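A quick write-up on the structure given underneath.
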Amino acid sequence: MHRRRGGAAIDTARLLAAAAFVSVLVPQARQWLRLHGAEIGAVAVAVLATGALTLLLVKAAWLGISAWTAQRRRPEGWDIRFLDGLHHSQFEEAVRDLMRRDGAHDAVRVGGAGDNGADVKGTDPAGRRWVIQCKHRRDGAFGAAVGTPDLHVLNGTGRPVHGGDVVVLVTNGRFTGPAREFARSQQLHLVDRALLAVWASGSTPLWELLRHLPAPRRRRPTPVHRTRQ
């Protein structure tokens, strides 16, 4: 009995001490919240807004990747505005896929550091080796025009280094007047925004859209006409 009474007294003392502590702490907490509540609320809102924005950006990036993946599976009927929205590396992949669509099944993307002016290379059904440099403009026709310096690099490496029969520069933008003159003088082929839109949105091979191409390397088989016995 004595131990039970002693234990009860200790428990009561602990409860009284806890109650006293709470009675002191609660008013102080209320006062602190009154002073800093607005700041806490602002921080909480900022944290939530940052989290929501991060989720939206991640979702947008995922949707963009998914859309590009879905589109590249069928390189036909591509709108020029779709090509405008690509990253420059994706633009190079798109040009490669269009070449493969047209029959250059060995077309590869080689763009990157040390590419020596070539971004895409491939062989058409006639055996001609194509060397293509790609210049993507995020602003499309309103972006900086492609000038002669880019053509100088391509002209210096397209045939001597890469062994190209057809040397092409493709852009979703435009070319300067001097660049066009230089291309004509050096037998370089230019694909500007208008021609790219026709090529990407249809199903006509690029070698049927460009003029003055070199002769085919492979002779097409002559059809055999059988005579009736």
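Each chain in the structure tokens gets a letter, A, B and so on, in the order shown; residues start at 1 in every chain, and ligands are counted from 1 in the order they appear.
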As a PDB file with all heavy atoms, in the first residue's frame, please: the residues near Phe182 (chain A) (cut-off 8 Å, only C-alpha atoms, same-chain neighbours under 3 positions excluded).
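Saved as part_9.pdb:
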```
ATOM      1  N   THR A 148      27.954  32.108 -95.685  1.00  0.00           N
ATOM      2  CA  THR A 148      29.029  31.404 -96.381  1.00  0.00           C
ATOM      3  C   THR A 148      30.038  30.716 -95.455  1.00  0.00           C
ATOM      4  O   THR A 148      30.613  29.699 -95.856  1.00  0.00           O
ATOM      5  CB  THR A 148      29.776  32.378 -97.315  1.00  0.00           C
ATOM      6  OG1 THR A 148      30.181  33.535 -96.567  1.00  0.00           O
ATOM      7  CG2 THR A 148      28.884  32.820 -98.455  1.00  0.00           C
ATOM      8  N   LEU A 151      29.209  27.156 -95.182  1.00  0.00           N
ATOM      9  CA  LEU A 151      29.411  26.463 -96.455  1.00  0.00           C
ATOM     10  C   LEU A 151      30.890  26.248 -96.748  1.00  0.00           C
ATOM     11  O   LEU A 151      31.258  25.261 -97.389  1.00  0.00           O
ATOM     12  CB  LEU A 151      28.758  27.250 -97.588  1.00  0.00           C
ATOM     13  CG  LEU A 151      27.230  27.299 -97.557  1.00  0.00           C
ATOM     14  CD1 LEU A 151      26.708  28.179 -98.690  1.00  0.00           C
ATOM     15  CD2 LEU A 151      26.633  25.906 -97.669  1.00  0.00           C
ATOM     16  N   PRO A 178      24.784  35.766-100.540  1.00  0.00           N
ATOM     17  CA  PRO A 178      26.134  35.278-100.842  1.00  0.00           C
ATOM     18  C   PRO A 178      26.296  33.773-100.646  1.00  0.00           C
ATOM     19  O   PRO A 178      27.054  33.124-101.378  1.00  0.00           O
ATOM     20  CB  PRO A 178      27.018  36.063 -99.859  1.00  0.00           C
ATOM     21  CG  PRO A 178      26.254  37.315 -99.599  1.00  0.00           C
ATOM     22  CD  PRO A 178      24.814  36.910 -99.611  1.00  0.00           C
ATOM     23  N   ALA A 179      25.594  33.209 -99.669  1.00  0.00           N
ATOM     24  CA  ALA A 179      25.682  31.765 -99.442  1.00  0.00           C
ATOM     25  C   ALA A 179      25.115  31.004-100.639  1.00  0.00           C
ATOM     26  O   ALA A 179      25.666  29.981-101.067  1.00  0.00           O
ATOM     27  CB  ALA A 179      24.936  31.382 -98.166  1.00  0.00           C
ATOM     28  N   SER A 185      28.330  28.111-107.153  1.00  0.00           N
ATOM     29  CA  SER A 185      29.657  28.063-107.751  1.00  0.00           C
ATOM     30  C   SER A 185      30.427  26.800-107.379  1.00  0.00           C
ATOM     31  O   SER A 185      31.323  26.379-108.116  1.00  0.00           O
ATOM     32  CB  SER A 185      30.459  29.299-107.333  1.00  0.00           C
ATOM     33  OG  SER A 185      30.768  29.243-105.938  1.00  0.00           O
ATOM     34  N   GLN A 186      30.087  26.191-106.246  1.00  0.00           N
ATOM     35  CA  GLN A 186      30.813  25.017-105.749  1.00  0.00           C
ATOM     36  C   GLN A 186      30.003  23.725-105.863  1.00  0.00           C
ATOM     37  O   GLN A 186      30.418  22.692-105.337  1.00  0.00           O
ATOM     38  CB  GLN A 186      31.216  25.237-104.288  1.00  0.00           C
ATOM     39  CG  GLN A 186      32.111  26.447-104.068  1.00  0.00           C
ATOM     40  CD  GLN A 186      33.411  26.341-104.814  1.00  0.00           C
ATOM     41  OE1 GLN A 186      34.072  25.301-104.795  1.00  0.00           O
ATOM     42  NE2 GLN A 186      33.802  27.417-105.501  1.00  0.00           N
TER      43      GLN A 186
END
```
Problem - Selection: 6 Å around region 131-147 of chain A, only C-alpha atoms, excl. self and same-chain fewer than 3 positions, as a list in words - result: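 Near region 131-147 of chain A, the qualifying residues are Asp84, His88, Ala118, Asp119, Val120, Lys121, Gly164, Val167, Val168, Leu169, Val170, Thr171, Asn172, Gly173, Arg174, Phe175, Thr176 and Ala179 of chain A.
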Practice task
Quick one: everything within 8 Å of Gly163 (chain A), counting only C-alpha atoms, minus sequence neighbours fewer than 4 positions away in the same chain. Send it as a ChimeraX atom specification.
Solution key: /A:129,158-159
Exercise for the section: Apply DSSP to the structure's backbone, then extract all residues of region 94-162 of chain A labelled strand (DSSP E or B) and return them as a list in words. Expected result: Val108, Arg109, Val120, Lys121, Gly122, Thr123, Arg129, Trp130, Val131, Ile132, Gln133, Cys134, Lys135 and Val146 of chain A
Problem - Among the residues A:Pro27, A:Pro205, A:Arg193, A:Arg211, the one that comes closest to Asp79 (chain A) [using only C-alpha atoms] - result: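 Selected residue with least distance to Asp79 (chain A): A:Arg193.
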